[in-house]
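input.cif, holding mmCIF, C-alpha atoms:
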data_structure
#
loop_
_atom_site.label_atom_id
_atom_site.label_comp_id
_atom_site.auth_asym_id
_atom_site.auth_seq_id
_atom_site.Cartn_x
_atom_site.Cartn_y
_atom_site.Cartn_z
CA MET B 1 45.38 -9.99 -82.89
CA LYS B 2 46.25 -13.38 -81.37
CA ASN B 3 47.53 -11.58 -78.29
CA VAL B 4 44.21 -9.79 -77.92
CA GLN B 5 42.33 -13.11 -78.18
CA PHE B 6 44.68 -14.68 -75.61
CA VAL B 7 44.14 -11.86 -73.17
CA PHE B 8 40.37 -12.00 -73.69
CA LEU B 9 40.22 -15.76 -73.14
CA THR B 10 42.43 -15.48 -70.06
CA LEU B 11 40.12 -12.84 -68.58
CA VAL B 12 37.06 -14.98 -69.29
CA GLY B 13 38.76 -17.98 -67.65
CA VAL B 14 39.83 -16.03 -64.58
CA THR B 15 36.30 -14.59 -64.23
CA LEU B 16 34.74 -18.05 -64.46
CA VAL B 17 37.13 -19.56 -61.91
CA THR B 18 36.56 -16.61 -59.54
CA GLY B 19 32.82 -16.99 -59.91
CA VAL B 20 32.92 -20.70 -59.14
CA VAL B 21 35.15 -20.15 -56.08
CA PHE B 22 32.88 -17.29 -54.83
CA PHE B 23 29.71 -19.38 -55.34
CA THR B 24 31.23 -22.30 -53.44
CA LEU B 25 32.29 -20.09 -50.55
CA VAL B 26 28.88 -18.42 -50.29
CA ARG B 27 27.10 -21.76 -50.37
CA ASN B 28 29.31 -23.17 -47.63
CA ASN B 29 28.62 -20.10 -45.42
CA LYS B 30 24.83 -20.38 -45.64
CA PRO B 31 23.22 -21.05 -42.25
CA MET B 32 22.55 -24.75 -41.91
CA SER B 33 19.19 -24.33 -40.34
CA GLN B 34 17.98 -27.77 -41.20
CA SER B 35 20.81 -29.65 -39.57
CA VAL B 36 20.95 -27.64 -36.30
CA PHE B 37 18.24 -29.65 -34.58
CA SER B 38 18.77 -32.83 -36.48
CA ALA B 39 20.92 -34.36 -33.75
CA PRO B 40 19.11 -35.71 -30.67
CA ILE B 41 19.20 -33.32 -27.70
CA PRO B 42 21.22 -34.86 -24.88
CA THR B 43 19.28 -35.45 -21.68
CA ILE B 44 20.75 -33.59 -18.71
CA SER B 45 19.89 -35.03 -15.34
CA MET B 46 19.29 -32.25 -12.76
CA VAL B 47 20.63 -32.90 -9.30
CA PRO B 48 19.12 -30.32 -6.90
CA THR B 49 21.58 -28.60 -4.59
CA GLN B 50 20.40 -28.42 -1.02
CA ILE B 51 20.21 -24.74 0.01
CA PRO B 52 20.00 -24.28 3.77
CA SER B 53 16.67 -22.65 4.52
CA TYR B 54 16.77 -19.57 6.71
CA ASN B 55 14.58 -16.59 7.26
CA ALA B 56 16.03 -13.09 7.70
CA GLN B 57 14.10 -10.28 9.38
CA VAL B 58 15.36 -6.72 9.71
CA SER B 59 13.99 -3.95 11.91
CA SER B 60 15.41 -0.48 12.48
CA MET B 61 14.95 2.78 14.36
CA ASP B 62 16.36 6.20 13.51
CA SER B 63 17.95 8.35 16.19
CA PRO B 64 15.77 11.28 17.38
CA GLU B 65 17.30 13.81 14.95
CA GLY B 66 17.69 11.23 12.20
CA SER B 67 21.48 11.14 11.78
CA LYS B 68 21.95 7.49 12.82
CA THR B 69 20.01 4.25 12.53
CA LEU B 70 20.06 1.16 14.72
CA VAL B 71 19.45 -1.97 12.63
CA LEU B 72 18.59 -5.34 14.18
CA GLN B 73 18.88 -8.39 11.95
CA LYS B 74 17.49 -11.78 12.93
CA ILE B 75 18.43 -14.87 10.91
CA GLN B 76 16.32 -17.88 11.78
CA ASP B 77 17.41 -21.38 10.78
CA SER B 78 16.61 -24.87 12.03
CA LYS B 79 19.04 -24.52 14.95
CA GLY B 80 17.73 -21.22 16.28
CA ALA B 81 18.05 -17.50 15.68
CA THR B 82 21.12 -15.33 15.31
CA TYR B 83 20.78 -11.65 16.15
CA SER B 84 23.11 -8.89 14.94
CA ALA B 85 22.73 -5.20 15.69
CA PHE B 86 24.47 -2.44 13.75
CA VAL B 87 24.61 1.32 13.94
CA SER B 88 24.77 3.04 10.59
CA SER B 89 25.27 6.72 10.00
CA LYS B 90 24.05 9.17 7.37
CA SER B 91 27.69 10.24 6.97
CA ASP B 92 30.26 8.03 5.24
CA GLU B 93 31.28 6.21 8.42
CA PRO B 94 31.10 2.42 8.07
CA ALA B 95 28.29 0.61 9.93
CA GLN B 96 29.36 -0.36 13.45
CA GLN B 97 28.36 -3.74 14.86
CA VAL B 98 27.23 -3.42 18.47
CA PHE B 99 25.87 -6.89 19.09
CA TYR B 100 26.06 -10.44 17.72
CA GLU B 101 24.54 -13.46 19.45
CA PRO B 102 23.31 -16.86 18.31
CA THR B 103 20.43 -17.98 20.51
CA PHE B 104 19.06 -21.48 20.82
CA ASP B 105 16.11 -20.78 23.06
CA SER B 106 12.90 -18.79 22.84
CA LYS B 107 14.58 -15.45 23.45
CA ILE B 108 13.28 -12.60 21.26
CA LEU B 109 15.13 -9.32 20.77
CA SER B 110 13.44 -6.11 19.62
CA ILE B 111 14.17 -2.40 19.20
CA PRO B 112 12.00 -0.12 21.38
CA PHE B 113 10.73 3.16 19.84
CA ASN B 114 12.81 5.13 22.38
CA THR B 115 15.97 3.05 21.94
CA TRP B 116 18.34 5.98 21.32
CA SER B 117 19.66 8.18 24.13
CA PRO B 118 19.01 11.86 23.32
CA ASP B 119 22.72 12.43 22.52
CA ASN B 120 22.94 9.27 20.35
CA ALA B 121 25.64 7.82 22.63
CA TYR B 122 23.67 4.76 23.76
CA VAL B 123 20.99 2.40 22.50
CA PHE B 124 19.03 -0.29 24.29
CA LEU B 125 17.37 -3.50 23.10
CA LYS B 126 14.51 -5.38 24.73
CA GLU B 127 15.05 -9.10 25.32
CA THR B 128 11.80 -11.00 25.81
CA THR B 129 11.69 -14.51 27.25
CA PRO B 130 8.67 -16.52 28.48
CA THR B 131 9.55 -15.70 32.08
CA ILE B 132 11.12 -12.23 32.18
CA ASP B 133 12.00 -9.22 30.06
CA ASN B 134 15.53 -7.90 30.08
CA TYR B 135 17.03 -4.73 28.65
CA LEU B 136 20.52 -4.54 27.16
CA VAL B 137 22.30 -1.19 26.89
CA PHE B 138 25.10 -0.65 24.36
CA GLN B 139 27.39 2.17 23.41
CA SER B 140 26.42 3.14 19.87
CA SER B 141 30.13 3.50 19.05
CA GLY B 142 30.45 -0.28 19.42
CA ASN B 143 32.94 0.18 22.28
CA SER B 144 32.70 -1.93 25.42
CA PHE B 145 31.96 -0.56 28.84
CA SER B 146 34.63 -0.69 31.54
CA ASN B 147 36.07 -4.16 32.29
CA ASP B 148 35.45 -5.14 28.65
CA VAL B 149 31.72 -5.63 29.25
CA PRO B 150 30.09 -5.45 25.79
CA TYR B 151 26.68 -4.43 27.15
CA LEU B 152 24.90 -3.76 30.41
CA SER B 153 22.17 -6.20 31.45
CA ILE B 154 19.75 -4.01 33.39
CA GLN B 155 17.93 -6.94 35.04
CA GLU B 156 21.17 -8.29 36.49
CA LEU B 157 22.24 -4.90 37.80
CA PHE B 158 18.76 -4.14 39.17
CA LYS B 159 18.48 -7.46 41.02
CA LYS B 160 21.88 -6.89 42.57
CA ASN B 161 21.26 -3.25 43.57
CA VAL B 162 17.50 -3.00 44.20
CA PRO B 163 16.45 -6.48 45.39
CA ASP B 164 13.07 -5.45 46.83
CA TYR B 165 11.66 -4.35 43.46
CA THR B 166 11.06 -6.01 40.09
CA ILE B 167 11.30 -4.21 36.76
CA GLU B 168 7.96 -3.72 34.97
CA ASP B 169 9.22 -1.75 31.98
CA ILE B 170 11.99 0.45 30.69
CA THR B 171 10.28 3.21 28.71
CA GLY B 172 13.10 5.41 27.40
CA TRP B 173 15.55 8.15 28.30
CA ALA B 174 14.94 11.06 30.68
CA GLY B 175 18.27 12.60 29.64
CA PRO B 176 21.51 11.70 27.85
CA ASN B 177 22.64 9.27 30.59
CA LEU B 178 19.36 8.49 32.35
CA LEU B 179 17.28 5.45 31.48
CA ILE B 180 13.75 5.38 32.96
CA VAL B 181 13.05 2.13 34.83
CA ASN B 182 9.49 1.48 36.04
CA ALA B 183 9.38 -1.05 38.85
CA LYS B 184 7.13 -2.34 41.60
CA LEU B 185 7.66 -3.66 45.08
CA ILE B 186 7.76 -7.46 45.16
CA GLU B 187 5.67 -7.66 48.37
CA GLU B 188 3.15 -4.92 47.53
CA ASP B 189 1.60 -3.35 44.47
CA LYS B 190 3.51 -0.09 44.95
CA LYS B 191 4.91 1.32 41.70
CA VAL B 192 8.07 3.39 41.58
CA SER B 193 10.24 4.83 38.83
CA PHE B 194 14.02 4.83 38.92
CA TRP B 195 16.66 6.47 36.81
CA PHE B 196 19.50 4.21 35.80
CA GLU B 197 22.50 6.49 35.55
CA LEU B 198 24.94 5.13 32.98
CA PRO B 199 28.24 6.67 34.16
CA SER B 200 27.87 5.40 37.74
CA GLN B 201 25.75 2.37 36.78
CA SER B 202 23.50 3.11 39.74
CA PHE B 203 19.72 3.32 40.25
CA ILE B 204 18.15 6.50 41.62
CA GLN B 205 14.64 6.20 43.08
CA LEU B 206 12.27 9.01 41.98
CA GLY B 207 9.28 10.71 43.55
CA THR B 208 7.50 10.84 40.18
CA TYR B 209 6.14 7.70 38.57
CA PHE B 210 6.52 7.81 34.77
CA LYS B 211 3.36 6.07 33.56
CA MET W 212 -17.19 25.84 -5.16
CA LEU W 213 -13.62 26.56 -6.12
CA ALA W 214 -12.41 24.66 -3.06
CA GLN W 215 -14.54 21.66 -4.07
CA ASP W 216 -13.11 21.74 -7.58
CA GLU W 217 -9.61 21.89 -6.15
CA GLN W 218 -10.27 18.85 -3.95
CA VAL W 219 -10.96 16.53 -6.85
CA ARG W 220 -8.68 17.94 -9.52
CA PRO W 221 -6.10 15.32 -10.48
CA VAL W 222 -2.59 16.34 -11.52
CA LEU W 223 -0.76 13.72 -13.58
CA GLY W 224 -3.37 11.23 -12.42
CA ILE W 225 -2.77 11.95 -8.73
CA ARG W 226 -5.28 13.74 -6.53
CA THR W 227 -3.22 16.52 -4.99
CA SER W 228 -5.59 17.51 -2.21
CA ARG W 229 -7.21 15.02 0.14
CA GLY W 230 -9.26 17.33 2.33
CA GLU W 231 -8.85 19.42 5.46
CA LYS W 232 -5.77 18.88 7.59
CA HIS W 233 -6.47 17.94 11.21
CA ILE W 234 -4.14 16.87 14.01
CA PHE W 235 -5.44 14.75 16.91
CA VAL W 236 -3.58 14.21 20.18
CA ASP W 237 -4.89 11.51 22.51
CA LEU W 238 -3.65 12.06 26.06
CA ALA W 239 -4.68 8.55 27.14
CA THR W 240 -2.58 6.75 24.55
CA GLN W 241 0.04 9.53 24.18
CA THR W 242 -0.38 9.32 20.41
CA LEU W 243 -0.55 12.00 17.72
CA SER W 244 -2.44 11.32 14.47
CA ALA W 245 -2.40 13.75 11.54
CA TYR W 246 -5.09 13.43 8.88
CA GLU W 247 -5.70 15.10 5.54
CA GLY W 248 -9.35 14.27 4.98
CA ASP W 249 -9.49 10.50 5.50
CA TYR W 250 -5.83 10.07 4.66
CA LEU W 251 -3.61 9.33 7.67
CA PHE W 252 -0.43 11.34 7.13
CA MET W 253 1.28 10.44 10.41
CA GLN W 254 0.72 8.49 13.62
CA THR W 255 3.42 8.57 16.27
CA PRO W 256 3.99 8.41 20.05
CA VAL W 257 4.31 11.79 21.80
CA SER W 258 4.83 13.07 25.35
CA THR W 259 2.27 15.43 26.86
CA GLY W 260 2.00 17.08 30.26
CA LEU W 261 3.38 15.39 33.35
CA TRP W 262 4.53 18.39 35.44
CA GLY W 263 1.97 20.70 33.84
CA LYS W 264 -1.42 19.91 32.29
CA THR W 265 -1.86 19.79 28.53
CA PRO W 266 -5.10 21.63 27.66
CA THR W 267 -7.87 19.72 25.91
CA GLY W 268 -10.19 21.07 23.21
CA GLU W 269 -9.99 22.28 19.64
CA PHE W 270 -7.18 24.66 18.70
CA THR W 271 -5.55 26.09 15.60
CA ILE W 272 -1.88 26.73 14.88
CA TRP W 273 -1.25 30.48 15.16
CA VAL W 274 2.45 30.49 14.30
CA LYS W 275 5.18 28.08 13.18
CA LEU W 276 8.80 28.70 14.22
CA ARG W 277 11.73 26.67 12.91
CA ALA W 278 13.37 26.98 16.36
CA THR W 279 12.94 29.03 19.52
CA ARG W 280 14.01 29.23 23.16
CA MET W 281 11.61 27.91 25.80
CA SER W 282 11.81 28.56 29.51
CA GLY W 283 9.44 28.32 32.43
CA GLY W 284 8.69 26.53 35.67
CA SER W 285 10.31 27.44 38.95
CA GLY W 286 12.61 25.90 41.52
CA ALA W 287 13.38 22.27 40.69
CA ASP W 288 10.97 22.47 37.74
CA TYR W 289 12.72 25.45 36.09
CA TYR W 290 13.72 24.85 32.50
CA ASP W 291 15.50 26.94 29.90
CA LEU W 292 15.85 25.21 26.54
CA PRO W 293 17.51 27.00 23.60
CA ASN W 294 16.83 26.05 19.99
CA VAL W 295 13.73 23.94 20.50
CA PRO W 296 13.10 22.75 16.93
CA TYR W 297 9.96 22.76 14.74
CA VAL W 298 7.63 24.66 17.07
CA MET W 299 3.93 24.92 16.17
CA PHE W 300 2.18 27.17 18.71
CA PHE W 301 -1.56 26.62 19.08
CA SER W 302 -4.38 28.49 20.81
CA ASN W 303 -8.14 29.01 21.01
CA ASN W 304 -10.48 31.45 22.76
CA GLU W 305 -10.01 29.77 26.15
CA VAL W 306 -6.29 29.06 25.85
CA PRO W 307 -4.78 32.24 24.41
CA ALA W 308 -1.52 32.45 22.48
CA SER W 309 0.21 33.98 25.50
CA THR W 310 0.02 30.65 27.38
CA GLY W 311 2.63 29.28 24.99
CA PHE W 312 1.37 25.76 24.32
CA SER W 313 2.85 24.09 21.24
CA LEU W 314 3.80 20.93 19.41
CA HIS W 315 7.58 20.77 19.00
CA GLY W 316 10.66 18.60 18.50
CA THR W 317 12.53 17.40 21.58
CA TYR W 318 16.27 16.90 22.02
CA TRP W 319 16.53 16.55 25.83
CA HIS W 320 14.63 13.29 26.34
CA ASN W 321 13.55 10.26 24.37
CA ASN W 322 10.58 8.83 26.25
CA PHE W 323 7.74 9.24 23.78
CA GLY W 324 4.50 7.41 24.42
CA HIS W 325 4.71 8.54 28.07
CA ALA W 326 3.76 11.84 29.72
CA MET W 327 6.95 13.86 30.13
CA SER W 328 6.34 17.57 29.47
CA HIS W 329 5.31 20.78 31.24
CA GLY W 330 2.16 20.92 29.06
CA CYS W 331 3.43 21.08 25.48
CA VAL W 332 3.25 18.14 23.09
CA ASN W 333 6.80 16.79 22.78
CA MET W 334 7.62 14.94 19.57
CA LYS W 335 10.60 13.03 18.23
CA THR W 336 12.49 15.68 16.25
CA THR W 337 12.29 13.82 12.92
CA ASP W 338 8.50 13.48 13.33
CA ALA W 339 8.14 17.13 14.35
CA GLY W 340 10.09 18.14 11.22
CA LYS W 341 7.74 16.20 8.94
CA LEU W 342 4.65 17.59 10.70
CA PHE W 343 6.07 21.14 10.59
CA GLU W 344 6.47 20.93 6.80
CA TRP W 345 2.97 19.46 6.40
CA ALA W 346 0.93 21.62 8.82
CA ASP W 347 -0.23 25.13 7.91
CA ALA W 348 0.19 28.41 9.72
CA PRO W 349 -2.63 30.95 9.21
CA VAL W 350 -2.54 32.82 5.91
CA GLY W 351 -4.80 35.85 5.48
CA GLN W 352 -8.33 34.90 6.54
CA LYS W 353 -7.49 31.17 6.51
CA ASN W 354 -6.82 29.62 9.93
CA GLY W 355 -3.86 27.40 10.66
CA THR W 356 -4.24 23.63 10.87
CA THR W 357 -6.74 22.46 13.49
CA ILE W 358 -5.50 20.49 16.51
CA THR W 359 -7.87 18.49 18.71
CA ILE W 360 -6.49 17.38 22.07
CA TYR W 361 -8.62 14.88 23.97
CA ASP W 362 -8.50 12.01 26.44
CA SER W 363 -9.99 8.86 24.91
CA LYS W 364 -10.42 7.31 28.37
CA SER W 365 -12.71 10.11 29.55
CA VAL W 366 -14.68 10.54 26.28
#

Go ahead and express the file in the form of structure tokens.
Amino acid sequence: MKNVQFVFLTLVGVTLVTGVVFFTLVRNNKPMSQSVFSAPIPTISMVPTQIPSYNAQVSSMDSPEGSKTLVLQKIQDSKGATYSAFVSSKSDEPAQQVFYEPTFDSKILSIPFNTWSPDNAYVFLKETTPTIDNYLVFQSSGNSFSNDVPYLSIQELFKKNVPDYTIEDITGWAGPNLLIVNAKLIEEDKKVSFWFELPSQSFIQLGTYFK
Amino acid sequence: MLAQDEQVRPVLGIRTSRGEKHIFVDLATQTLSAYEGDYLFMQTPVSTGLWGKTPTGEFTIWVKLRATRMSGGSGADYYDLPNVPYVMFFSNNEVPASTGFSLHGTYWHNNFGHAMSHGCVNMKTTDAGKLFEWADAPVGQKNGTTITIYDSKSV
């Protein structure tokens, strides 16, 4: 009988001790919502980081059948503008850079509507300055022309080869290798069209004027 | 009455029909504009007749061909072009179908915005593809899409 009492009292004692320990643990784990914001919030002084300001503009033109795209990116900062031109493809080929040039003057580059040659081998960009417009022809593969020339400057070639005329406009492509150059006589108001043939880099005077 | 109902019936909150389709080609500006009612579907540079005259007036599309061969001219002007894409032949009472005028894609030159053709309306191939899908050929008693060719400088 004494043994039964001993066991009963032991069980009661163990239960009480367990209860006290459990209560203490639960109380200690309660969220201390009141003390979270009791400490003063430290003041953080913000030092602004100077981010260089620049303005990026992107223009593009698809090739005639839509398989490739010429992208011209202009990044303007306080020093001037940097132009990059890329050719991207609908296939998985990586984009090919065809042009990169920082400019520090008032030169503006743009993509004409007819920039792509019909076979997608060449593209041309228009370079506008306050005094004269120039036209730069690139291989869309990104490869240089012979003698490591990255692009052909049509104004330079025209002045050298056809000194009596000035270029009025380059409108587009008459064929895969033929760029249409509209020009006029310096001395008179006579207008003439030329083909600029890429492989020979020569100008061919035409009987038809391409208005 | 049914046509009127169809014009204003919204599907999922979007009006599906905007009105009659009409294509305008201005020879002076070498520009094509395609409208569906007042909605401008497309405006793009084109090349019309340089070696041959593009007819003016109001026409309708009489057949659409995904691609066809075109040949003509003579001597130095002879041309023979296989697989001309997205061809939309047009005609009217004065310019019959047999004359072969059309709007079509162009793979042999890229000089749009300037006269460059033997009389057809040359378009950038991607533009011609979009117009080809949009424009209608005749179905039953219904005519194909109307095309008006004009010269804004002489109007």

Shell around Ser302 of chain W at 9 Å using all atoms listed in the file, local window under 6 positions removed, as a compact mmCIF listing (two decimals) with C-alpha atoms, in the frame of the given file:
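Saved to part_28.txt:
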# COMPACT_ATOMS: atom_id res chain seq x y z
CA GLU W 269 -9.99 22.28 19.64
CA PHE W 270 -7.18 24.66 18.70
CA THR W 271 -5.55 26.09 15.60
CA ILE W 272 -1.88 26.73 14.88
CA TRP W 273 -1.25 30.48 15.16
CA ALA W 308 -1.52 32.45 22.48
CA SER W 309 0.21 33.98 25.50
CA THR W 310 0.02 30.65 27.38
CA GLY W 311 2.63 29.28 24.99
CA PHE W 312 1.37 25.76 24.32
CA SER W 313 2.85 24.09 21.24

Which residues of chain W have any atom within 9 Å of an atom in chain B when counting only C-alpha atoms, and what is the closest pair of atoms for each, with the distance in Å to one decimal? Order the rows by chain and rising number and write it as JSON lines.
{"residue": "W:Pro256", "atom": "CA", "partner": "B:Phe113", "partner_atom": "CA", "distance": 8.5}
{"residue": "W:Leu261", "atom": "CA", "partner": "B:Phe210", "partner_atom": "CA", "distance": 8.3}
{"residue": "W:Gly316", "atom": "CA", "partner": "B:Glu65", "partner_atom": "CA", "distance": 8.9}
{"residue": "W:Thr317", "atom": "CA", "partner": "B:Pro64", "partner_atom": "CA", "distance": 8.1}
{"residue": "W:Tyr318", "atom": "CA", "partner": "B:Pro118", "partner_atom": "CA", "distance": 5.9}
{"residue": "W:Trp319", "atom": "CA", "partner": "B:Gly175", "partner_atom": "CA", "distance": 5.8}
{"residue": "W:His320", "atom": "CA", "partner": "B:Ala174", "partner_atom": "CA", "distance": 4.9}
{"residue": "W:Asn321", "atom": "CA", "partner": "B:Trp173", "partner_atom": "CA", "distance": 4.9}
{"residue": "W:Asn322", "atom": "CA", "partner": "B:Gly172", "partner_atom": "CA", "distance": 4.4}
{"residue": "W:Phe323", "atom": "CA", "partner": "B:Asn114", "partner_atom": "CA", "distance": 6.7}
{"residue": "W:Gly324", "atom": "CA", "partner": "B:Thr171", "partner_atom": "CA", "distance": 8.3}
{"residue": "W:His325", "atom": "CA", "partner": "B:Lys211", "partner_atom": "CA", "distance": 6.2}
{"residue": "W:Ala326", "atom": "CA", "partner": "B:Lys211", "partner_atom": "CA", "distance": 6.9}
{"residue": "W:Met327", "atom": "CA", "partner": "B:Phe210", "partner_atom": "CA", "distance": 7.6}
{"residue": "W:Lys335", "atom": "CA", "partner": "B:Pro64", "partner_atom": "CA", "distance": 5.5}
{"residue": "W:Thr336", "atom": "CA", "partner": "B:Glu65", "partner_atom": "CA", "distance": 5.3}
{"residue": "W:Thr337", "atom": "CA", "partner": "B:Glu65", "partner_atom": "CA", "distance": 5.4}
{"residue": "W:Asp338", "atom": "CA", "partner": "B:Pro64", "partner_atom": "CA", "distance": 8.6}

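Going from atom CA of Ser59 of chain B over to atom CA of Ala239 of chain W, you cover 27.1 Å.
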
| task | Around the point (21.6, -2.7, 28.3), in the coordinates given by the file, pick out the residues reaching within 8 Å, counting all atoms listed in the file, and return them as a VMD selection string. | result | chain B and resid 123 to 125 135 to 138 151 to 154

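Interatomic distance, atom CA of Met334 of chain W to atom CA of Val306 of chain W: 20.8 Å.
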
Apply the PyMOL selection byres ((chain W and resi 293-299) around 9) to the structure shown and report the selected residues as an mmCIF file with C-alpha atoms, keeping the file's coordinate frame.
data_model
loop_
_atom_site.group_PDB
_atom_site.id
_atom_site.type_symbol
_atom_site.label_atom_id
_atom_site.label_comp_id
_atom_site.auth_asym_id
_atom_site.auth_seq_id
_atom_site.Cartn_x
_atom_site.Cartn_y
_atom_site.Cartn_z
ATOM 1 C CA ILE W 272 -1.880 26.730 14.880
ATOM 2 C CA TRP W 273 -1.250 30.480 15.160
ATOM 3 C CA VAL W 274 2.450 30.490 14.300
ATOM 4 C CA LYS W 275 5.180 28.080 13.180
ATOM 5 C CA LEU W 276 8.800 28.700 14.220
ATOM 6 C CA ARG W 277 11.730 26.670 12.910
ATOM 7 C CA ALA W 278 13.370 26.980 16.360
ATOM 8 C CA THR W 279 12.940 29.030 19.520
ATOM 9 C CA ARG W 280 14.010 29.230 23.160
ATOM 10 C CA MET W 281 11.610 27.910 25.800
ATOM 11 C CA SER W 282 11.810 28.560 29.510
ATOM 12 C CA ASP W 291 15.500 26.940 29.900
ATOM 13 C CA LEU W 292 15.850 25.210 26.540
ATOM 14 C CA PHE W 300 2.180 27.170 18.710
ATOM 15 C CA PHE W 301 -1.560 26.620 19.080
ATOM 16 C CA PHE W 312 1.370 25.760 24.320
ATOM 17 C CA SER W 313 2.850 24.090 21.240
ATOM 18 C CA LEU W 314 3.800 20.930 19.410
ATOM 19 C CA HIS W 315 7.580 20.770 19.000
ATOM 20 C CA GLY W 316 10.660 18.600 18.500
ATOM 21 C CA THR W 317 12.530 17.400 21.580
ATOM 22 C CA TYR W 318 16.270 16.900 22.020
ATOM 23 C CA THR W 336 12.490 15.680 16.250
ATOM 24 C CA ALA W 339 8.140 17.130 14.350
ATOM 25 C CA GLY W 340 10.090 18.140 11.220
ATOM 26 C CA LEU W 342 4.650 17.590 10.700
ATOM 27 C CA PHE W 343 6.070 21.140 10.590
ATOM 28 C CA GLU W 344 6.470 20.930 6.800
ATOM 29 C CA ALA W 346 0.930 21.620 8.820
ATOM 30 C CA ALA W 348 0.190 28.410 9.720
#
